[in-house]
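S.K.: Structure supplied as input-v3.cif; contents: mmCIF, C-alpha atoms.
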```
data_structure
#
loop_
_atom_site.label_atom_id
_atom_site.label_comp_id
_atom_site.auth_asym_id
_atom_site.auth_seq_id
_atom_site.Cartn_x
_atom_site.Cartn_y
_atom_site.Cartn_z
CA MET A 10 -32.36 -146.64 -15.22
CA SER A 11 -29.23 -145.43 -13.44
CA ASP A 12 -27.16 -146.23 -16.57
CA GLU A 13 -29.34 -143.83 -18.58
CA ILE A 14 -28.77 -141.08 -16.01
CA LYS A 15 -25.01 -141.68 -16.12
CA ASN A 16 -25.00 -141.49 -19.93
CA VAL A 17 -26.95 -138.23 -19.92
CA SER A 18 -24.76 -136.63 -17.27
CA SER A 19 -21.53 -137.64 -19.02
CA ALA A 20 -22.64 -136.20 -22.37
CA PRO A 21 -20.38 -133.43 -23.63
CA THR A 22 -21.68 -129.91 -23.15
CA THR A 23 -22.44 -127.76 -26.16
CA GLU A 24 -22.40 -124.41 -24.38
CA LEU A 25 -20.59 -121.44 -25.86
CA GLN A 26 -17.11 -120.92 -24.54
CA GLY A 27 -15.48 -117.60 -23.92
CA ASN A 28 -16.32 -114.39 -22.21
CA ILE A 29 -17.91 -111.18 -23.50
CA GLY A 30 -17.44 -107.99 -21.50
CA THR A 31 -19.28 -104.68 -21.75
CA PHE A 32 -17.01 -103.24 -24.46
CA SER A 33 -17.33 -106.41 -26.55
CA LEU A 34 -21.11 -106.33 -26.21
CA ILE A 35 -21.22 -102.69 -27.31
CA MET A 36 -19.01 -103.46 -30.32
CA SER A 37 -21.22 -106.42 -31.25
CA VAL A 38 -24.38 -104.32 -31.16
CA VAL A 39 -22.79 -101.62 -33.33
CA ALA A 40 -21.21 -104.16 -35.70
CA PHE A 41 -24.51 -105.93 -36.30
CA SER A 42 -25.75 -102.79 -38.02
CA ALA A 43 -23.28 -103.68 -40.82
CA PRO A 44 -21.96 -100.23 -41.79
CA LEU A 45 -20.19 -101.32 -44.98
CA MET A 46 -23.13 -103.39 -46.23
CA THR A 47 -25.32 -100.34 -45.72
CA VAL A 48 -22.94 -98.20 -47.74
CA CYS A 49 -22.82 -100.75 -50.57
CA GLY A 50 -26.57 -101.16 -50.74
CA VAL A 51 -28.03 -97.78 -49.82
CA CYS A 52 -25.31 -95.27 -50.70
CA PRO A 53 -25.85 -95.29 -54.47
CA LEU A 54 -29.54 -94.49 -53.94
CA MET A 55 -28.78 -91.76 -51.41
CA LEU A 56 -26.24 -90.13 -53.71
CA ALA A 57 -28.58 -90.36 -56.68
CA TYR A 58 -31.58 -88.85 -54.89
CA GLY A 59 -30.08 -87.04 -51.90
CA GLY A 60 -26.95 -85.53 -53.42
CA ASN A 61 -24.66 -83.76 -50.96
CA SER A 62 -26.90 -84.53 -47.99
CA ALA A 63 -25.90 -88.24 -48.03
CA PRO A 64 -22.69 -87.85 -45.93
CA VAL A 65 -24.51 -85.74 -43.33
CA THR A 66 -27.25 -88.36 -43.15
CA TYR A 67 -24.71 -91.11 -42.53
CA PHE A 68 -23.03 -89.01 -39.83
CA ILE A 69 -26.36 -88.48 -38.06
CA CYS A 70 -27.10 -92.22 -38.31
CA MET A 71 -23.68 -92.98 -36.79
CA ILE A 72 -24.43 -90.76 -33.79
CA VAL A 73 -27.86 -92.37 -33.35
CA LEU A 74 -26.32 -95.88 -33.47
CA ILE A 75 -23.68 -94.95 -30.88
CA LEU A 76 -26.34 -93.57 -28.55
CA PHE A 77 -28.53 -96.63 -29.18
CA SER A 78 -25.65 -98.97 -28.35
CA ILE A 79 -24.90 -97.20 -25.09
CA GLY A 80 -28.58 -97.22 -24.10
CA PHE A 81 -28.98 -100.87 -25.10
CA VAL A 82 -26.12 -101.96 -22.86
CA LYS A 83 -27.18 -99.65 -20.00
CA MET A 84 -30.75 -101.01 -20.07
CA GLY A 85 -29.37 -104.52 -19.63
CA LEU A 86 -28.09 -103.55 -16.19
CA TYR A 87 -31.62 -102.78 -14.97
CA MET A 88 -33.64 -105.57 -16.57
CA GLN A 89 -34.31 -108.91 -14.94
CA ASN A 90 -34.00 -110.82 -18.22
CA PRO A 91 -31.85 -108.79 -20.62
CA GLY A 92 -31.44 -110.16 -24.09
CA GLY A 93 -32.58 -109.38 -27.58
CA PHE A 94 -35.00 -106.74 -28.76
CA TYR A 95 -37.92 -108.90 -27.65
CA ALA A 96 -36.94 -108.54 -24.00
CA TYR A 97 -36.52 -104.78 -24.20
CA ILE A 98 -39.64 -104.08 -26.26
CA SER A 99 -41.75 -106.39 -24.09
CA ALA A 100 -40.51 -104.65 -20.95
CA GLY A 101 -41.34 -101.23 -22.37
CA LEU A 102 -44.40 -101.76 -24.56
CA GLY A 103 -45.88 -105.13 -23.58
CA ARG A 104 -45.88 -108.72 -24.75
CA GLU A 105 -47.68 -108.31 -28.11
CA PRO A 106 -45.37 -105.60 -29.52
CA GLY A 107 -42.42 -107.60 -28.20
CA LEU A 108 -43.56 -110.72 -30.06
CA GLY A 109 -44.16 -108.67 -33.21
CA ALA A 110 -40.64 -107.24 -32.98
CA ALA A 111 -39.19 -110.70 -32.39
CA PHE A 112 -40.99 -112.06 -35.46
CA LEU A 113 -39.78 -109.13 -37.56
CA ALA A 114 -36.21 -109.64 -36.30
CA VAL A 115 -36.30 -113.36 -37.14
CA ILE A 116 -37.49 -112.60 -40.68
CA GLY A 117 -34.87 -109.86 -41.07
CA TYR A 118 -32.02 -112.04 -39.78
CA PHE A 119 -33.15 -114.91 -41.99
CA PHE A 120 -33.01 -112.77 -45.12
CA ALA A 121 -29.74 -111.13 -44.07
CA GLY A 122 -28.21 -114.56 -43.51
CA PHE A 123 -29.59 -115.84 -46.79
CA VAL A 124 -28.60 -112.85 -48.93
CA GLY A 125 -25.31 -111.89 -47.27
CA PRO A 126 -23.21 -114.86 -48.41
CA CYS A 127 -24.17 -114.07 -52.03
CA TYR A 128 -24.29 -110.29 -51.93
CA PHE A 129 -20.95 -109.71 -50.16
CA PRO A 130 -18.88 -111.82 -52.59
CA MET A 131 -20.49 -110.15 -55.62
CA VAL A 132 -19.73 -106.67 -54.25
CA LEU A 133 -16.18 -107.68 -53.30
CA THR A 134 -15.61 -109.22 -56.75
CA ASN A 135 -16.64 -105.93 -58.38
CA TYR A 136 -14.34 -103.94 -56.09
CA ILE A 137 -11.38 -106.20 -56.85
CA ARG A 138 -12.09 -106.00 -60.58
CA ASN A 139 -12.54 -102.20 -60.53
CA LEU A 140 -9.26 -101.75 -58.65
CA GLY A 141 -7.43 -103.67 -61.40
CA GLY A 142 -7.23 -106.97 -59.55
CA PRO A 143 -7.86 -110.43 -60.95
CA ASP A 144 -11.32 -111.46 -62.13
CA ILE A 145 -12.23 -113.97 -59.39
CA PRO A 146 -15.63 -115.65 -59.71
CA TRP A 147 -17.98 -114.44 -56.97
CA TRP A 148 -18.82 -117.96 -55.84
CA ILE A 149 -15.16 -118.68 -54.95
CA ILE A 150 -15.10 -115.62 -52.68
CA GLY A 151 -18.47 -116.78 -51.31
CA ILE A 152 -17.07 -120.19 -50.38
CA ILE A 153 -14.07 -118.60 -48.64
CA TYR A 154 -16.45 -116.21 -46.86
CA MET A 155 -18.64 -119.09 -45.63
CA LEU A 156 -15.61 -121.14 -44.51
CA LEU A 157 -14.38 -118.16 -42.48
CA ILE A 158 -17.82 -117.81 -40.87
CA ILE A 159 -17.93 -121.54 -40.07
CA PHE A 160 -14.42 -121.37 -38.58
CA LEU A 161 -15.38 -118.46 -36.32
CA ASP A 162 -18.66 -120.14 -35.36
CA TYR A 163 -16.80 -123.10 -33.89
CA ARG A 164 -14.27 -121.05 -31.94
CA LYS A 165 -14.67 -119.21 -28.69
CA VAL A 166 -17.22 -116.39 -28.62
CA ASP A 167 -14.61 -113.82 -27.61
CA LEU A 168 -12.51 -114.60 -30.72
CA SER A 169 -15.52 -113.90 -32.93
CA VAL A 170 -16.16 -110.66 -31.05
CA ARG A 171 -12.52 -109.56 -31.51
CA VAL A 172 -12.65 -110.26 -35.24
CA LEU A 173 -16.04 -108.53 -35.48
CA THR A 174 -14.68 -105.48 -33.63
CA VAL A 175 -11.66 -105.14 -35.94
CA VAL A 176 -13.82 -105.53 -39.05
CA MET A 177 -16.37 -103.06 -37.69
CA PHE A 178 -13.70 -100.42 -37.02
CA ASP A 179 -12.32 -100.97 -40.54
CA GLU A 180 -15.83 -100.61 -41.97
CA CYS A 181 -16.38 -97.39 -40.04
CA ILE A 182 -13.10 -95.96 -41.35
CA VAL A 183 -14.14 -96.80 -44.92
CA VAL A 184 -17.55 -95.20 -44.38
CA ILE A 185 -16.05 -92.04 -42.83
CA VAL A 186 -13.49 -91.66 -45.64
CA PHE A 187 -16.23 -92.21 -48.22
CA ASP A 188 -18.46 -89.64 -46.51
CA ILE A 189 -15.69 -87.05 -46.38
CA VAL A 190 -14.73 -87.57 -50.02
CA SER A 191 -18.39 -87.47 -51.10
CA PHE A 192 -19.08 -84.34 -49.08
CA LEU A 193 -16.03 -82.54 -50.48
#
```
What would the structure in this file look like if it were written as structure tokens?
M.R.:
Amino acid sequence: MSDEIKNVSSAPTTELQGNIGTFSLIMSVVAFSAPLMTVCGVCPLMLAYGGNSAPVTYFICMIVLILFSIGFVKMGLYMQNPGGFYAYISAGLGREPGLGAAFLAVIGYFFAGFVGPCYFPMVLTNYIRNLGGPDIPWWIIGIIYMLLIIFLDYRKVDLSVRVLTVVMFDECIVVIVFDIVSFL
């Protein structure tokens, strides 16, 4: 019996390593909205049906996301069990709406995780081709994309947050430049 306890206590831990501060948490929340993916998927529809109002709409959405991110982090300081949307919605609206939101988030994240590794490489392949680059099969870019994700998944959390922050700022610059060019 005591040997079993020793074996359990000497098992390696599988906890996340690293440290996420307030700024990193804010950047993660904003980055999870995937600005560039939104532009790739929604922008053609907005330009086709919304015309010149598309850049203004994106600008308004950017302001709303910034305010949401600040409020999301600030609420965490006052809650007993801060966490995902379930915790916040349950605290504000009750358990049932919180569970509904959690279920909706799980479904949304599942589809985003399922579609993203295929959608991103196909869009990137088209961009490379349209810019005069080589014609790389989308599935090769997809494999590289997945290997990068796996590499970051097994590193410290703060490394993933740093990479996510840099990519998010790059995405925002691309979106802002696109909005300005479209508006002009």
S.K.: Since I can't run it myself right now, could you work out what the PyMOL selection byres ((chain A and resi 158) around 12) selects here and report it as a short mmCIF file (atom, residue, chain, number, x, y, z; two decimals) with C-alpha atoms, in the frame of the given file?
M.R.:
```cif
data_model
loop_
_atom_site.label_atom_id
_atom_site.label_comp_id
_atom_site.auth_asym_id
_atom_site.auth_seq_id
_atom_site.Cartn_x
_atom_site.Cartn_y
_atom_site.Cartn_z
CA GLY A 122 -28.21 -114.56 -43.51
CA GLY A 125 -25.31 -111.89 -47.27
CA PRO A 126 -23.21 -114.86 -48.41
CA GLY A 151 -18.47 -116.78 -51.31
CA ILE A 152 -17.07 -120.19 -50.38
CA ILE A 153 -14.07 -118.60 -48.64
CA TYR A 154 -16.45 -116.21 -46.86
CA MET A 155 -18.64 -119.09 -45.63
CA LEU A 156 -15.61 -121.14 -44.51
CA LEU A 157 -14.38 -118.16 -42.48
CA ILE A 159 -17.93 -121.54 -40.07
CA PHE A 160 -14.42 -121.37 -38.58
CA LEU A 161 -15.38 -118.46 -36.32
CA ASP A 162 -18.66 -120.14 -35.36
CA TYR A 163 -16.80 -123.10 -33.89
CA ARG A 164 -14.27 -121.05 -31.94
CA LEU A 168 -12.51 -114.60 -30.72
CA SER A 169 -15.52 -113.90 -32.93
CA VAL A 172 -12.65 -110.26 -35.24
CA LEU A 173 -16.04 -108.53 -35.48
#
```
S.K.: Could you state the separation of atom CA of Cys181 of chain A and atom CA of Tyr128 of chain A in Å, given to one decimal place?
M.R.: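 Here the two named atoms are 19.2 Å from each other.
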S.K.: Tell me, in Å to one decimal, how far atom CA of Tyr58 of chain A is from atom CA of Phe178 of chain A.
M.R.: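 According to the coordinates, atom CA of Tyr58 of chain A and atom CA of Phe178 of chain A are separated by 27.8 Å.
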S.K.: To one decimal in Å, tell me the separation between atom CA of Gly80 of chain A and atom CA of Asp188 of chain A.
M.R.: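 Straight-line distance from atom CA of Gly80 of chain A to atom CA of Asp188 of chain A works out to 25.7 Å.
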S.K.: Taking 4 positions as the minimum chain separation for residues in the same chain, which residues sit within 10 Å of segment 91-101 of chain A when counting all atoms listed in the file? Answer as an mmCIF file with C-alpha atoms, in the coordinates of the input.
M.R.:
```cif
data_model
loop_
_atom_site.group_PDB
_atom_site.id
_atom_site.type_symbol
_atom_site.label_atom_id
_atom_site.label_comp_id
_atom_site.auth_asym_id
_atom_site.auth_seq_id
_atom_site.Cartn_x
_atom_site.Cartn_y
_atom_site.Cartn_z
ATOM 1 C CA PHE A 81 -28.980 -100.870 -25.100
ATOM 2 C CA VAL A 82 -26.120 -101.960 -22.860
ATOM 3 C CA MET A 84 -30.750 -101.010 -20.070
ATOM 4 C CA GLY A 85 -29.370 -104.520 -19.630
ATOM 5 C CA LEU A 86 -28.090 -103.550 -16.190
ATOM 6 C CA TYR A 87 -31.620 -102.780 -14.970
ATOM 7 C CA GLU A 105 -47.680 -108.310 -28.110
ATOM 8 C CA PRO A 106 -45.370 -105.600 -29.520
ATOM 9 C CA GLY A 107 -42.420 -107.600 -28.200
ATOM 10 C CA LEU A 108 -43.560 -110.720 -30.060
ATOM 11 C CA GLY A 109 -44.160 -108.670 -33.210
ATOM 12 C CA ALA A 110 -40.640 -107.240 -32.980
ATOM 13 C CA ALA A 111 -39.190 -110.700 -32.390
ATOM 14 C CA PHE A 112 -40.990 -112.060 -35.460
ATOM 15 C CA ALA A 114 -36.210 -109.640 -36.300
#
```
S.K.: Excluding same-chain residues fewer than 6 positions from Trp148 of chain A, what lies within 9 Å of it counting only C-alpha atoms, as a JSON list (two decimals) with C-alpha atoms, in the coordinates of the input?
M.R.:
```json
[["chain", "number", "residue", "atom", "x", "y", "z"],
["A", 127, "CYS", "CA", -24.17, -114.07, -52.03],
["A", 130, "PRO", "CA", -18.88, -111.82, -52.59],
["A", 131, "MET", "CA", -20.49, -110.15, -55.62]]
```
S.K.: Using the file's own x, y and z axes, what box holds all listed atoms of segment 98-104 of chain A with 8 Å on each side, keeping edges along x, y and z, and what are its centre and edge lengths in Å to one decimal, as JSON?
M.R.:
```
{"center_x": -42.8, "center_y": -105.0, "center_z": -23.6, "size_x": 22.2, "size_y": 23.5, "size_z": 21.3}
```
S.K.: Quick one: segment 93-127 of chain A from the block, N, CA, C and O atoms, as a CSV table (one decimal), in the first residue's frame.
M.R.:
```
chain,number,residue,atom,x,y,z
A,93,GLY,N,-13.2,31.2,-17.8
A,93,GLY,CA,-13.8,31.4,-19.1
A,93,GLY,C,-15.1,32.1,-19.1
A,93,GLY,O,-15.6,32.6,-18.0
A,94,PHE,N,-15.8,32.2,-20.2
A,94,PHE,CA,-17.1,32.8,-20.3
A,94,PHE,C,-18.1,32.2,-19.4
A,94,PHE,O,-19.0,32.9,-18.9
A,95,TYR,N,-18.0,30.9,-19.1
A,95,TYR,CA,-19.0,30.3,-18.3
A,95,TYR,C,-19.0,31.0,-16.9
A,95,TYR,O,-20.1,31.2,-16.3
A,96,ALA,N,-17.8,31.2,-16.3
A,96,ALA,CA,-17.7,31.8,-15.0
A,96,ALA,C,-18.4,33.2,-15.0
A,96,ALA,O,-19.1,33.5,-14.0
A,97,TYR,N,-18.1,34.0,-16.0
A,97,TYR,CA,-18.6,35.3,-16.0
A,97,TYR,C,-20.1,35.4,-16.3
A,97,TYR,O,-20.8,36.1,-15.6
A,98,ILE,N,-20.6,34.6,-17.2
A,98,ILE,CA,-22.0,34.6,-17.5
A,98,ILE,C,-22.8,34.0,-16.4
A,98,ILE,O,-23.9,34.5,-16.0
A,99,SER,N,-22.3,32.9,-15.7
A,99,SER,CA,-23.0,32.4,-14.6
A,99,SER,C,-23.0,33.3,-13.4
A,99,SER,O,-24.1,33.4,-12.7
A,100,ALA,N,-22.0,34.1,-13.2
A,100,ALA,CA,-22.0,35.1,-12.1
A,100,ALA,C,-23.0,36.2,-12.4
A,100,ALA,O,-23.6,36.7,-11.5
A,101,GLY,N,-23.1,36.6,-13.7
A,101,GLY,CA,-24.0,37.7,-14.0
A,101,GLY,C,-25.5,37.3,-14.3
A,101,GLY,O,-26.4,38.0,-13.9
A,102,LEU,N,-25.7,36.1,-15.0
A,102,LEU,CA,-27.0,35.8,-15.4
A,102,LEU,C,-27.6,34.5,-14.8
A,102,LEU,O,-28.7,34.1,-15.0
A,103,GLY,N,-26.7,33.7,-14.2
A,103,GLY,CA,-27.2,32.5,-13.6
A,103,GLY,C,-26.5,31.2,-14.2
A,103,GLY,O,-25.8,31.3,-15.2
A,104,ARG,N,-26.8,30.1,-13.6
A,104,ARG,CA,-26.1,28.8,-14.0
A,104,ARG,C,-26.6,28.4,-15.4
A,104,ARG,O,-25.7,27.9,-16.2
A,105,GLU,N,-27.9,28.4,-15.7
A,105,GLU,CA,-28.4,27.9,-17.0
A,105,GLU,C,-27.8,28.7,-18.1
A,105,GLU,O,-27.3,28.0,-19.1
A,106,PRO,N,-27.9,30.0,-18.2
A,106,PRO,CA,-27.3,30.7,-19.3
A,106,PRO,C,-25.7,30.5,-19.4
A,106,PRO,O,-25.2,30.4,-20.4
A,107,GLY,N,-25.1,30.3,-18.2
A,107,GLY,CA,-23.7,30.0,-18.2
A,107,GLY,C,-23.4,28.7,-18.8
A,107,GLY,O,-22.4,28.6,-19.6
A,108,LEU,N,-24.2,27.7,-18.5
A,108,LEU,CA,-24.0,26.4,-19.1
A,108,LEU,C,-24.2,26.4,-20.7
A,108,LEU,O,-23.5,25.8,-21.4
A,109,GLY,N,-25.3,27.2,-21.0
A,109,GLY,CA,-25.6,27.3,-22.5
A,109,GLY,C,-24.4,28.0,-23.2
A,109,GLY,O,-24.0,27.6,-24.3
A,110,ALA,N,-23.8,29.0,-22.6
A,110,ALA,CA,-22.7,29.7,-23.2
A,110,ALA,C,-21.5,28.8,-23.3
A,110,ALA,O,-20.7,28.8,-24.3
A,111,ALA,N,-21.3,28.0,-22.2
A,111,ALA,CA,-20.1,27.1,-22.2
A,111,ALA,C,-20.3,26.0,-23.3
A,111,ALA,O,-19.3,25.7,-24.1
A,112,PHE,N,-21.5,25.5,-23.5
A,112,PHE,CA,-21.8,24.6,-24.6
A,112,PHE,C,-21.5,25.2,-25.9
A,112,PHE,O,-20.9,24.6,-26.8
A,113,LEU,N,-22.0,26.4,-26.1
A,113,LEU,CA,-21.8,27.1,-27.4
A,113,LEU,C,-20.3,27.4,-27.6
A,113,LEU,O,-19.9,27.2,-28.8
A,114,ALA,N,-19.6,27.7,-26.6
A,114,ALA,CA,-18.2,28.0,-26.8
A,114,ALA,C,-17.4,26.7,-27.1
A,114,ALA,O,-16.5,26.7,-28.0
A,115,VAL,N,-17.8,25.6,-26.5
A,115,VAL,CA,-17.1,24.3,-26.8
A,115,VAL,C,-17.4,23.9,-28.3
A,115,VAL,O,-16.5,23.5,-29.0
A,116,ILE,N,-18.6,24.1,-28.7
A,116,ILE,CA,-18.9,23.8,-30.1
A,116,ILE,C,-18.1,24.7,-31.1
A,116,ILE,O,-17.5,24.3,-32.1
A,117,GLY,N,-18.1,26.0,-30.7
A,117,GLY,CA,-17.4,27.0,-31.6
A,117,GLY,C,-15.9,26.7,-31.6
A,117,GLY,O,-15.3,26.7,-32.7
A,118,TYR,N,-15.3,26.4,-30.5
A,118,TYR,CA,-13.9,26.1,-30.4
A,118,TYR,C,-13.6,24.8,-31.2
A,118,TYR,O,-12.5,24.7,-31.8
A,119,PHE,N,-14.5,23.8,-31.1
A,119,PHE,CA,-14.3,22.6,-31.8
A,119,PHE,C,-14.2,22.8,-33.3
A,119,PHE,O,-13.3,22.4,-34.0
A,120,PHE,N,-15.2,23.6,-33.8
A,120,PHE,CA,-15.2,23.8,-35.2
A,120,PHE,C,-14.0,24.7,-35.7
A,120,PHE,O,-13.5,24.5,-36.7
A,121,ALA,N,-13.7,25.7,-34.8
A,121,ALA,CA,-12.5,26.6,-35.2
A,121,ALA,C,-11.3,25.7,-35.2
A,121,ALA,O,-10.4,25.9,-36.1
A,122,GLY,N,-11.1,24.8,-34.3
A,122,GLY,CA,-9.9,24.0,-34.3
A,122,GLY,C,-9.9,23.0,-35.4
A,122,GLY,O,-8.9,22.6,-35.9
A,123,PHE,N,-11.1,22.6,-35.8
A,123,PHE,CA,-11.2,21.6,-36.9
A,123,PHE,C,-11.0,22.2,-38.3
A,123,PHE,O,-10.3,21.7,-39.2
A,124,VAL,N,-11.5,23.4,-38.4
A,124,VAL,CA,-11.5,24.1,-39.7
A,124,VAL,C,-10.2,24.9,-39.9
A,124,VAL,O,-9.7,25.0,-41.0
A,125,GLY,N,-9.7,25.5,-38.9
A,125,GLY,CA,-8.5,26.4,-38.9
A,125,GLY,C,-7.3,25.7,-39.6
A,125,GLY,O,-6.7,26.4,-40.5
A,126,PRO,N,-6.9,24.5,-39.2
A,126,PRO,CA,-5.7,23.9,-39.9
A,126,PRO,C,-5.9,23.7,-41.4
A,126,PRO,O,-4.9,23.5,-42.1
A,127,CYS,N,-7.1,23.7,-41.9
A,127,CYS,CA,-7.3,23.5,-43.3
A,127,CYS,C,-7.5,24.9,-44.0
A,127,CYS,O,-7.0,25.1,-45.1
```
